[in-house]
>>> print(open('run22.pdb').read())   # PDB, C-alpha atoms, pLDDT in the B column
MODEL        1
ATOM      1  CA  MET A 143     -84.998  75.417  63.670  1.00 88.00           C
ATOM      2  CA  LEU A 144     -86.006  78.457  65.700  1.00 91.00           C
ATOM      3  CA  ALA A 145     -84.915  78.158  69.338  1.00 89.00           C
ATOM      4  CA  GLY A 146     -87.532  79.255  71.844  1.00 92.00           C
ATOM      5  CA  GLY A 147     -85.373  79.001  74.965  1.00 91.00           C
ATOM      6  CA  ASN A 148     -87.095  81.097  77.619  1.00 94.00           C
ATOM      7  CA  ALA A 149     -87.693  84.073  75.357  1.00 95.00           C
ATOM      8  CA  PRO A 150     -90.510  86.461  76.272  1.00 97.00           C
ATOM      9  CA  PRO A 151     -93.559  85.200  74.327  1.00 96.00           C
ATOM     10  CA  ASP A 152     -93.953  88.436  72.373  1.00 97.00           C
ATOM     11  CA  ILE A 153     -90.352  88.171  71.146  1.00 96.00           C
ATOM     12  CA  LEU A 154     -90.801  84.537  70.133  1.00 97.00           C
ATOM     13  CA  ARG A 155     -93.996  85.493  68.293  1.00 97.00           C
ATOM     14  CA  SER A 156     -92.162  88.217  66.348  1.00 97.00           C
ATOM     15  CA  GLN A 157     -89.318  85.813  65.502  1.00 95.00           C
ATOM     16  CA  ILE A 158     -91.758  83.231  64.150  1.00 96.00           C
ATOM     17  CA  GLN A 159     -93.493  85.865  62.064  1.00 96.00           C
ATOM     18  CA  LEU A 160     -90.188  87.246  60.786  1.00 95.00           C
ATOM     19  CA  THR A 161     -88.957  83.754  59.852  1.00 95.00           C
ATOM     20  CA  ARG A 162     -92.136  83.212  57.841  1.00 95.00           C
ATOM     21  CA  GLU A 163     -91.440  86.452  55.984  1.00 96.00           C
ATOM     22  CA  LEU A 164     -87.881  85.365  55.194  1.00 94.00           C
ATOM     23  CA  THR A 165     -88.627  81.874  53.860  1.00 93.00           C
ATOM     24  CA  ALA A 166     -91.421  79.899  52.266  1.00 92.00           C
ATOM     25  CA  CYS A 167     -89.844  76.662  53.523  1.00 92.00           C
ATOM     26  CA  PRO A 168     -91.183  74.866  56.589  1.00 88.00           C
ATOM     27  CA  PHE A 169     -89.272  75.325  59.838  1.00 91.00           C
ATOM     28  CA  GLY A 170     -89.553  74.058  63.386  1.00 90.00           C
ATOM     29  CA  VAL A 171     -89.827  75.815  66.725  1.00 94.00           C
ATOM     30  CA  ASN A 172     -87.910  74.305  69.632  1.00 91.00           C
ATOM     31  CA  VAL A 173     -89.714  74.646  72.971  1.00 92.00           C
ATOM     32  CA  ILE A 174     -88.054  73.813  76.289  1.00 90.00           C
ATOM     33  CA  THR A 175     -90.378  71.982  78.661  1.00 86.00           C
ATOM     34  CA  LEU A 176     -88.352  73.130  81.695  1.00 85.00           C
ATOM     35  CA  ALA A 177     -88.489  76.816  80.766  1.00 90.00           C
ATOM     36  CA  PRO A 178     -90.718  79.075  82.902  1.00 93.00           C
ATOM     37  CA  ASN A 179     -92.339  80.413  79.712  1.00 95.00           C
ATOM     38  CA  TYR A 180     -93.014  76.913  78.327  1.00 93.00           C
ATOM     39  CA  PRO A 181     -96.841  76.987  78.807  1.00 92.00           C
ATOM     40  CA  GLU A 182     -97.045  80.296  76.953  1.00 95.00           C
ATOM     41  CA  HIS A 183     -94.655  79.071  74.250  1.00 95.00           C
ATOM     42  CA  LEU A 184     -96.760  75.950  73.702  1.00 92.00           C
ATOM     43  CA  LYS A 185     -99.938  77.999  73.402  1.00 93.00           C
ATOM     44  CA  LEU A 186     -98.178  80.377  71.024  1.00 94.00           C
ATOM     45  CA  VAL A 187     -96.962  77.724  68.566  1.00 93.00           C
ATOM     46  CA  CYS A 188    -100.446  76.194  68.597  1.00 91.00           C
ATOM     47  CA  ASP A 189    -102.175  79.509  68.014  1.00 93.00           C
ATOM     48  CA  LEU A 190     -99.811  80.355  65.146  1.00 93.00           C
ATOM     49  CA  GLY A 191    -100.173  76.910  63.549  1.00 90.00           C
ATOM     50  CA  CYS A 192     -96.429  76.201  63.483  1.00 90.00           C
ATOM     51  CA  GLU A 193     -95.649  73.310  61.141  1.00 87.00           C
ATOM     52  CA  PHE A 194     -93.174  71.545  63.452  1.00 89.00           C
ATOM     53  CA  VAL A 195     -92.729  71.654  67.208  1.00 90.00           C
ATOM     54  CA  VAL A 196     -89.638  70.138  68.809  1.00 89.00           C
ATOM     55  CA  PHE A 197     -89.829  69.402  72.530  1.00 87.00           C
ATOM     56  CA  ALA A 198     -86.621  69.363  74.585  1.00 84.00           C
ATOM     57  CA  GLY A 199     -85.575  69.393  78.216  1.00 76.00           C
ATOM     58  CA  GLY A 200     -88.253  67.054  79.539  1.00 71.00           C
ATOM     59  CA  ILE A 201     -91.067  64.663  78.695  1.00 70.00           C
ATOM     60  CA  PRO A 202     -94.251  66.377  77.437  1.00 70.00           C
ATOM     61  CA  ARG A 203     -97.609  65.107  78.544  1.00 66.00           C
ATOM     62  CA  LYS A 204     -99.684  63.203  76.006  1.00 57.00           C
ATOM     63  CA  MET A 205    -102.302  65.956  75.759  1.00 48.00           C
ATOM     64  CA  ARG A 206     -99.585  68.451  74.854  1.00 52.00           C
ATOM     65  CA  PHE A 207     -98.570  66.307  71.905  1.00 53.00           C
ATOM     66  CA  SER A 208    -102.127  66.468  70.605  1.00 53.00           C
ATOM     67  CA  ARG A 209    -102.382  70.209  71.279  1.00 53.00           C
ATOM     68  CA  SER A 210     -99.208  70.889  69.301  1.00 52.00           C
ATOM     69  CA  ARG A 211    -100.628  69.224  66.182  1.00 55.00           C
ATOM     70  CA  PRO A 212    -102.858  71.937  64.679  1.00 47.00           C
ATOM     71  CA  ALA A 213    -102.419  70.638  61.128  1.00 39.00           C
ATOM     72  CA  GLY A 214    -100.031  68.364  59.318  1.00 38.00           C
ATOM     73  CA  PRO A 215     -96.835  67.070  60.978  1.00 40.00           C
ATOM     74  CA  GLY A 216     -96.453  67.596  64.696  1.00 46.00           C
ATOM     75  CA  PRO A 217     -93.970  67.204  67.510  1.00 48.00           C
ATOM     76  CA  PHE A 218     -90.459  65.822  67.661  1.00 48.00           C
ATOM     77  CA  VAL A 219     -88.843  64.669  70.899  1.00 48.00           C
ATOM     78  CA  SER A 220     -85.321  63.697  71.953  1.00 52.00           C
ATOM     79  CA  PRO A 221     -85.411  60.591  74.184  1.00 54.00           C
ATOM     80  CA  PRO A 222     -83.075  58.147  75.886  1.00 55.00           C
ATOM     81  CA  GLU A 223     -83.696  54.539  74.875  1.00 58.00           C
ATOM     82  CA  PRO A 224     -86.225  53.453  77.574  1.00 64.00           C
ATOM     83  CA  LEU A 225     -88.547  56.338  76.652  1.00 71.00           C
ATOM     84  CA  ALA A 226     -88.448  56.139  72.855  1.00 76.00           C
ATOM     85  CA  MET A 227     -91.360  53.741  72.382  1.00 76.00           C
ATOM     86  CA  SER A 228     -93.382  55.408  75.128  1.00 76.00           C
ATOM     87  CA  LEU A 229     -93.015  58.792  73.420  1.00 78.00           C
ATOM     88  CA  ILE A 230     -94.118  57.350  70.096  1.00 78.00           C
ATOM     89  CA  ASP A 231     -97.180  55.877  71.831  1.00 77.00           C
ATOM     90  CA  ARG A 232     -97.923  59.309  73.297  1.00 77.00           C
ATOM     91  CA  GLY A 233     -98.064  60.782  69.815  1.00 79.00           C
ATOM     92  CA  ALA A 234     -94.573  61.910  68.807  1.00 83.00           C
ATOM     93  CA  ASP A 235     -94.287  62.026  65.011  1.00 87.00           C
ATOM     94  CA  ALA A 236     -90.495  61.728  65.014  1.00 89.00           C
ATOM     95  CA  LEU A 237     -87.525  61.246  67.311  1.00 90.00           C
ATOM     96  CA  MET A 238     -84.369  63.345  67.615  1.00 89.00           C
ATOM     97  CA  LEU A 239     -81.382  61.430  68.975  1.00 90.00           C
ATOM     98  CA  GLU A 240     -78.829  63.800  70.489  1.00 89.00           C
ATOM     99  CA  GLY A 241     -75.658  62.225  71.801  1.00 88.00           C
ATOM    100  CA  SER A 242     -73.415  63.469  74.573  1.00 89.00           C
ATOM    101  CA  GLU A 243     -71.007  64.693  71.863  1.00 90.00           C
ATOM    102  CA  ALA A 244     -73.250  67.719  71.331  1.00 90.00           C
ATOM    103  CA  GLY A 245     -72.538  71.234  72.573  1.00 88.00           C
ATOM    104  CA  GLY A 246     -74.551  73.015  75.244  1.00 84.00           C
ATOM    105  CA  HIS A 247     -76.863  70.926  77.427  1.00 82.00           C
ATOM    106  CA  ILE A 248     -76.313  67.251  76.695  1.00 84.00           C
ATOM    107  CA  GLY A 249     -77.653  63.852  77.625  1.00 77.00           C
ATOM    108  CA  PRO A 250     -75.627  61.118  79.317  1.00 79.00           C
ATOM    109  CA  VAL A 251     -75.503  58.684  76.375  1.00 85.00           C
ATOM    110  CA  ALA A 252     -73.093  58.721  73.436  1.00 89.00           C
ATOM    111  CA  LEU A 253     -74.510  58.988  69.924  1.00 91.00           C
ATOM    112  CA  SER A 254     -72.911  55.692  68.930  1.00 92.00           C
ATOM    113  CA  VAL A 255     -74.997  53.957  71.604  1.00 90.00           C
ATOM    114  CA  LEU A 256     -78.244  55.775  70.764  1.00 90.00           C
ATOM    115  CA  ILE A 257     -77.860  54.861  67.096  1.00 93.00           C
ATOM    116  CA  GLN A 258     -77.686  51.169  67.954  1.00 92.00           C
ATOM    117  CA  GLN A 259     -80.415  51.260  70.605  1.00 88.00           C
ATOM    118  CA  ILE A 260     -82.968  53.358  68.736  1.00 90.00           C
ATOM    119  CA  LEU A 261     -82.100  54.206  65.115  1.00 92.00           C
ATOM    120  CA  PHE A 262     -81.524  50.542  64.204  1.00 92.00           C
ATOM    121  CA  GLN A 263     -84.682  49.464  66.070  1.00 87.00           C
ATOM    122  CA  VAL A 264     -87.262  52.091  65.103  1.00 88.00           C
ATOM    123  CA  ASP A 265     -88.635  52.137  61.566  1.00 85.00           C
ATOM    124  CA  HIS A 266     -92.208  53.419  61.961  1.00 84.00           C
ATOM    125  CA  VAL A 267     -91.359  57.084  62.623  1.00 90.00           C
ATOM    126  CA  PRO A 268     -88.526  59.225  61.208  1.00 92.00           C
ATOM    127  CA  VAL A 269     -85.413  59.368  63.392  1.00 93.00           C
ATOM    128  CA  PHE A 270     -83.119  62.391  63.210  1.00 93.00           C
ATOM    129  CA  ILE A 271     -79.564  62.545  64.563  1.00 93.00           C
ATOM    130  CA  ALA A 272     -77.724  65.322  66.422  1.00 92.00           C
ATOM    131  CA  GLY A 273     -74.504  65.742  68.342  1.00 91.00           C
ATOM    132  CA  GLY A 274     -70.955  66.253  67.101  1.00 90.00           C
ATOM    133  CA  ILE A 275     -71.870  66.450  63.398  1.00 92.00           C
ATOM    134  CA  ALA A 276     -69.852  68.999  61.432  1.00 87.00           C
ATOM    135  CA  THR A 277     -69.323  67.696  57.891  1.00 91.00           C
ATOM    136  CA  GLY A 278     -71.373  66.598  54.905  1.00 93.00           C
ATOM    137  CA  ARG A 279     -69.486  63.317  54.872  1.00 96.00           C
ATOM    138  CA  MET A 280     -70.661  62.511  58.410  1.00 95.00           C
ATOM    139  CA  MET A 281     -74.207  63.448  57.453  1.00 95.00           C
ATOM    140  CA  ALA A 282     -74.063  61.138  54.433  1.00 97.00           C
ATOM    141  CA  HIS A 283     -72.916  58.222  56.596  1.00 97.00           C
ATOM    142  CA  LEU A 284     -75.760  58.787  59.045  1.00 97.00           C
ATOM    143  CA  LEU A 285     -78.295  58.914  56.218  1.00 97.00           C
ATOM    144  CA  MET A 286     -76.952  55.613  54.905  1.00 97.00           C
ATOM    145  CA  MET A 287     -77.437  54.161  58.405  1.00 96.00           C
ATOM    146  CA  GLY A 288     -81.121  55.038  58.185  1.00 96.00           C
ATOM    147  CA  ALA A 289     -81.391  58.520  59.686  1.00 96.00           C
ATOM    148  CA  ALA A 290     -84.119  60.729  58.193  1.00 95.00           C
ATOM    149  CA  GLY A 291     -81.911  63.794  58.629  1.00 94.00           C
ATOM    150  CA  ILE A 292     -79.591  65.555  61.030  1.00 93.00           C
ATOM    151  CA  GLN A 293     -79.651  68.572  63.318  1.00 91.00           C
ATOM    152  CA  MET A 294     -76.630  70.866  63.631  1.00 90.00           C
ATOM    153  CA  GLY A 295     -76.289  73.642  66.199  1.00 87.00           C
ATOM    154  CA  THR A 296     -72.770  74.528  67.303  1.00 86.00           C
ATOM    155  CA  ARG A 297     -71.499  74.608  63.722  1.00 86.00           C
ATOM    156  CA  PHE A 298     -73.715  77.592  62.957  1.00 87.00           C
ATOM    157  CA  VAL A 299     -72.241  79.707  65.739  1.00 87.00           C
ATOM    158  CA  LEU A 300     -69.568  80.663  63.192  1.00 88.00           C
ATOM    159  CA  SER A 301     -72.069  81.770  60.552  1.00 90.00           C
ATOM    160  CA  GLU A 302     -72.289  85.434  59.569  1.00 90.00           C
ATOM    161  CA  GLU A 303     -75.957  85.439  60.527  1.00 86.00           C
ATOM    162  CA  CYS A 304     -75.185  84.422  64.121  1.00 89.00           C
ATOM    163  CA  ALA A 305     -75.299  87.442  66.440  1.00 87.00           C
ATOM    164  CA  ALA A 306     -72.750  86.002  68.902  1.00 90.00           C
ATOM    165  CA  HIS A 307     -69.776  88.218  69.790  1.00 93.00           C
ATOM    166  CA  SER A 308     -66.721  87.903  67.539  1.00 94.00           C
ATOM    167  CA  ASN A 309     -64.565  86.863  70.527  1.00 92.00           C
ATOM    168  CA  PHE A 310     -66.985  84.021  71.188  1.00 90.00           C
ATOM    169  CA  LYS A 311     -66.705  82.853  67.584  1.00 92.00           C
ATOM    170  CA  GLU A 312     -62.921  83.101  67.701  1.00 92.00           C
ATOM    171  CA  ALA A 313     -62.860  80.843  70.758  1.00 90.00           C
ATOM    172  CA  PHE A 314     -64.627  78.185  68.691  1.00 87.00           C
ATOM    173  CA  GLN A 315     -62.131  78.556  65.852  1.00 88.00           C
ATOM    174  CA  THR A 316     -59.005  78.446  67.995  1.00 91.00           C
ATOM    175  CA  GLY A 317     -60.118  75.847  70.527  1.00 87.00           C
ATOM    176  CA  GLU A 318     -58.638  72.345  70.467  1.00 90.00           C
ATOM    177  CA  VAL A 319     -60.636  69.125  70.591  1.00 87.00           C
ATOM    178  CA  ALA A 320     -59.654  68.458  74.201  1.00 89.00           C
ATOM    179  CA  ASP A 321     -60.893  71.924  75.231  1.00 90.00           C
ATOM    180  CA  ALA A 322     -64.529  70.872  74.820  1.00 88.00           C
ATOM    181  CA  VAL A 323     -65.422  69.117  78.044  1.00 87.00           C
ATOM    182  CA  ALA A 324     -68.643  68.073  79.762  1.00 87.00           C
ATOM    183  CA  THR A 325     -69.454  69.238  83.260  1.00 82.00           C
ATOM    184  CA  PRO A 326     -70.173  66.382  85.683  1.00 74.00           C
ATOM    185  CA  GLN A 327     -72.901  66.166  88.271  1.00 68.00           C
ATOM    186  CA  PHE A 328     -71.011  67.106  91.408  1.00 66.00           C
ATOM    187  CA  ASP A 329     -73.676  66.022  93.902  1.00 70.00           C
ATOM    188  CA  SER A 330     -76.954  64.094  93.650  1.00 74.00           C
ATOM    189  CA  ARG A 331     -78.616  66.935  95.560  1.00 75.00           C
ATOM    190  CA  LEU A 332     -77.899  69.236  92.630  1.00 69.00           C
ATOM    191  CA  PRO A 333     -79.785  67.639  89.694  1.00 70.00           C
ATOM    192  CA  VAL A 334     -78.176  69.721  86.975  1.00 72.00           C
ATOM    193  CA  ILE A 335     -78.157  68.826  83.301  1.00 76.00           C
ATOM    194  CA  PRO A 336     -74.568  68.284  82.047  1.00 81.00           C
ATOM    195  CA  VAL A 337     -73.192  70.947  79.725  1.00 85.00           C
ATOM    196  CA  ARG A 338     -70.447  70.619  77.112  1.00 87.00           C
ATOM    197  CA  ALA A 339     -68.433  73.811  76.969  1.00 84.00           C
ATOM    198  CA  LEU A 340     -64.956  75.147  76.290  1.00 86.00           C
ATOM    199  CA  LYS A 341     -62.571  75.173  79.232  1.00 84.00           C
ATOM    200  CA  ASN A 342     -61.952  78.746  80.260  1.00 78.00           C
ATOM    201  CA  GLU A 343     -60.321  80.606  83.087  1.00 75.00           C
ATOM    202  CA  GLY A 344     -62.512  82.713  85.343  1.00 63.00           C
ATOM    203  CA  PRO A 345     -62.446  84.282  88.796  1.00 54.00           C
ATOM    204  CA  SER A 346     -63.637  82.355  91.814  1.00 52.00           C
ATOM    205  CA  SER A 347     -65.629  83.837  94.674  1.00 51.00           C
ATOM    206  CA  LEU A 348     -62.372  84.188  96.630  1.00 46.00           C
ATOM    207  CA  GLY A 349     -60.801  86.333  93.953  1.00 48.00           C
ATOM    208  CA  SER A 350     -58.247  83.722  92.870  1.00 46.00           C
ATOM    209  CA  SER A 351     -58.084  82.213  89.414  1.00 44.00           C
ATOM    210  CA  ARG A 352     -59.598  78.786  88.729  1.00 46.00           C
ATOM    211  CA  TRP A 353     -60.756  76.725  85.797  1.00 44.00           C
ATOM    212  CA  SER A 354     -64.437  77.163  85.081  1.00 47.00           C
ATOM    213  CA  PHE A 355     -66.784  76.029  82.308  1.00 45.00           C
TER     214      PHE A 355
ENDMDL
END
>>> encode(input="run22.pdb", output="structure tokens")
Amino acid sequence: MLAGGNAPPDILRSQIQLTRELTACPFGVNVITLAPNYPEHLKLVCDLGCEFVVFAGGIPRKMRFSRSRPAGPGPFVSPPEPLAMSLIDRGADALMLEGSEAGGHIGPVALSVLIQQILFQVDHVPVFIAGGIATGRMMAHLLMMGAAGIQMGTRFVLSEECAAHSNFKEAFQTGEVADAVATPQFDSRLPVIPVRALKNEGPSSLGSSRWSF
């Protein structure tokens, strides 16, 4: 999976082209519907005929599902339970269930709940699982439950190919389970998406030390 984030469109284009040079296998491009560059990213993956498009961060409009299907398989989406059937009706070819156990931006529902609400109920489109998966044994159990496959992200931070700083990778290796915490929504007027991150110490605006995430 190639992460689009909010990359400048010309950089994302070059990354897609480079990935095609490096592998003959199909790969997906993850586009973030909340990103300022999202409209350009969507046009780009359509123009380049990308095999798989994975929407994240919001609910795409129905016409954007159809636009992202230039040939063959099309879009994936990651929904909470009330939206799963609606997204399939809009044209999603598969669902990605990401539980709150995941790293980075997370949803509010645990994977164990999503599995029961959606994976066990949906059998007419492939359902993929993400969030807190780190071993082949866990993957095998999820496949036996009916998952079509899994998505892993945080695990690959430690790969040699990852360009993250060595200190960042070391923090992952030395961190304890309880160090990975999710940020809460502090106020309803600040509609932030929760983030799971490692507890770390950083300076506050007053110059004193505090715990930050």
>>> residues_near_point(input="run22.pdb", point="(-71.2, 75.6, 79.6)", cutoff="8 Å", atoms="only C-alpha atoms", output="PyMOL selection string")
chain A and resi 246-247+324-325+337-340+355
>>> residues_around(input="run22.pdb", residues="Leu144 of chain A", least_positions_apart="5", cutoff="10 Å", atoms="only C-alpha atoms", output="compact mmCIF listing (two decimals) with C-alpha atoms, in the coordinates of the input")
# COMPACT_ATOMS: atom_id res chain seq x y z
CA LEU A 154 -90.80 84.54 70.13
CA GLN A 157 -89.32 85.81 65.50
CA ILE A 158 -91.76 83.23 64.15
CA THR A 161 -88.96 83.75 59.85
CA PHE A 169 -89.27 75.32 59.84
CA GLY A 170 -89.55 74.06 63.39
CA VAL A 171 -89.83 75.82 66.72
CA ASN A 172 -87.91 74.31 69.63
CA VAL A 173 -89.71 74.65 72.97
CA VAL A 195 -92.73 71.65 67.21
CA VAL A 196 -89.64 70.14 68.81
>>> closest_residue(input="run22.pdb", among="A:Gly241, A:Pro178, A:Phe270, A:Arg155", to="Met287 of chain A", atoms="all atoms listed in the file")
A:Phe270
>>> resolve_selection(input="run22.pdb", expression="the PyMOL selection byres ((chain A and resi 335) around 8)", output="PyMOL selection string")
chain A and resi 247-249+327+333-334+336-337
>>> closest_residue(input="run22.pdb", among="A:Leu186, A:Ala244, A:Leu300, A:Ile271", to="His283 of chain A", atoms="only C-alpha atoms")
A:Ile271
>>> atom_distance(input="run22.pdb", atom1="atom CA of Gly273 of chain A", atom2="atom CA of Glu182 of chain A")
28.2 Å
>>> resolve_selection(input="run22.pdb", expression="the PyMOL selection byres ((chain A and resi 264) around 12)", output="compact mmCIF listing (two decimals) with C-alpha atoms, in the coordinates of the input")
# COMPACT_ATOMS: atom_id res chain seq x y z
CA GLU A 223 -83.70 54.54 74.88
CA ALA A 226 -88.45 56.14 72.86
CA MET A 227 -91.36 53.74 72.38
CA ILE A 230 -94.12 57.35 70.10
CA ALA A 236 -90.50 61.73 65.01
CA LEU A 237 -87.52 61.25 67.31
CA MET A 238 -84.37 63.34 67.61
CA LEU A 239 -81.38 61.43 68.97
CA LEU A 256 -78.24 55.78 70.76
CA ILE A 257 -77.86 54.86 67.10
CA GLN A 258 -77.69 51.17 67.95
CA GLN A 259 -80.42 51.26 70.60
CA ILE A 260 -82.97 53.36 68.74
CA LEU A 261 -82.10 54.21 65.11
CA PHE A 262 -81.52 50.54 64.20
CA GLN A 263 -84.68 49.46 66.07
CA ASP A 265 -88.64 52.14 61.57
CA HIS A 266 -92.21 53.42 61.96
CA VAL A 267 -91.36 57.08 62.62
CA PRO A 268 -88.53 59.22 61.21
CA VAL A 269 -85.41 59.37 63.39
CA PHE A 270 -83.12 62.39 63.21
CA GLY A 288 -81.12 55.04 58.18
CA ALA A 289 -81.39 58.52 59.69
CA ALA A 290 -84.12 60.73 58.19
>>> residues_around(input="run22.pdb", residues="Ala272 of chain A", least_positions_apart="3", cutoff="7 Å", atoms="all atoms listed in the file", output="list in words")
Leu239, Glu240, Gly241, Ile275, Ile292, Gln293 and Met294 of chain A
>>> residues_around(input="run22.pdb", residues="segment 295-299 of chain A", least_positions_apart="6", cutoff="8 Å", atoms="only C-alpha atoms", output="list in words")
Ala244, Gly245, Ala276, Ala306 and Lys311 of chain A
>>> atom_distance(input="run22.pdb", atom1="atom CA of Ala145 of chain A", atom2="atom CA of Glu243 of chain A")
19.5 Å
>>> closest_residue(input="run22.pdb", among="A:Ser156, A:Ser301, A:Asn179, A:Asn342", to="Ala322 of chain A", atoms="all atoms listed in the file")
A:Asn342
>>> resolve_selection(input="run22.pdb", expression="the PyMOL selection byres ((chain A and resi 198) around 8)", output="ChimeraX atom specification")
/A:172-175,196-197,199-201,219-220
>>> atom_distance(input="run22.pdb", atom1="atom CA of Arg162 of chain A", atom2="atom CA of Phe194 of chain A")
13.0 Å
>>> closest_residue(input="run22.pdb", among="A:Pro202, A:Pro151, A:Lys341, A:Leu284", to="Val323 of chain A", atoms="all atoms listed in the file")
A:Lys341
>>> closest_residue(input="run22.pdb", among="A:Glu302, A:Glu318, A:Asp152, A:Asp231", to="His183 of chain A", atoms="all atoms listed in the file")
A:Asp152
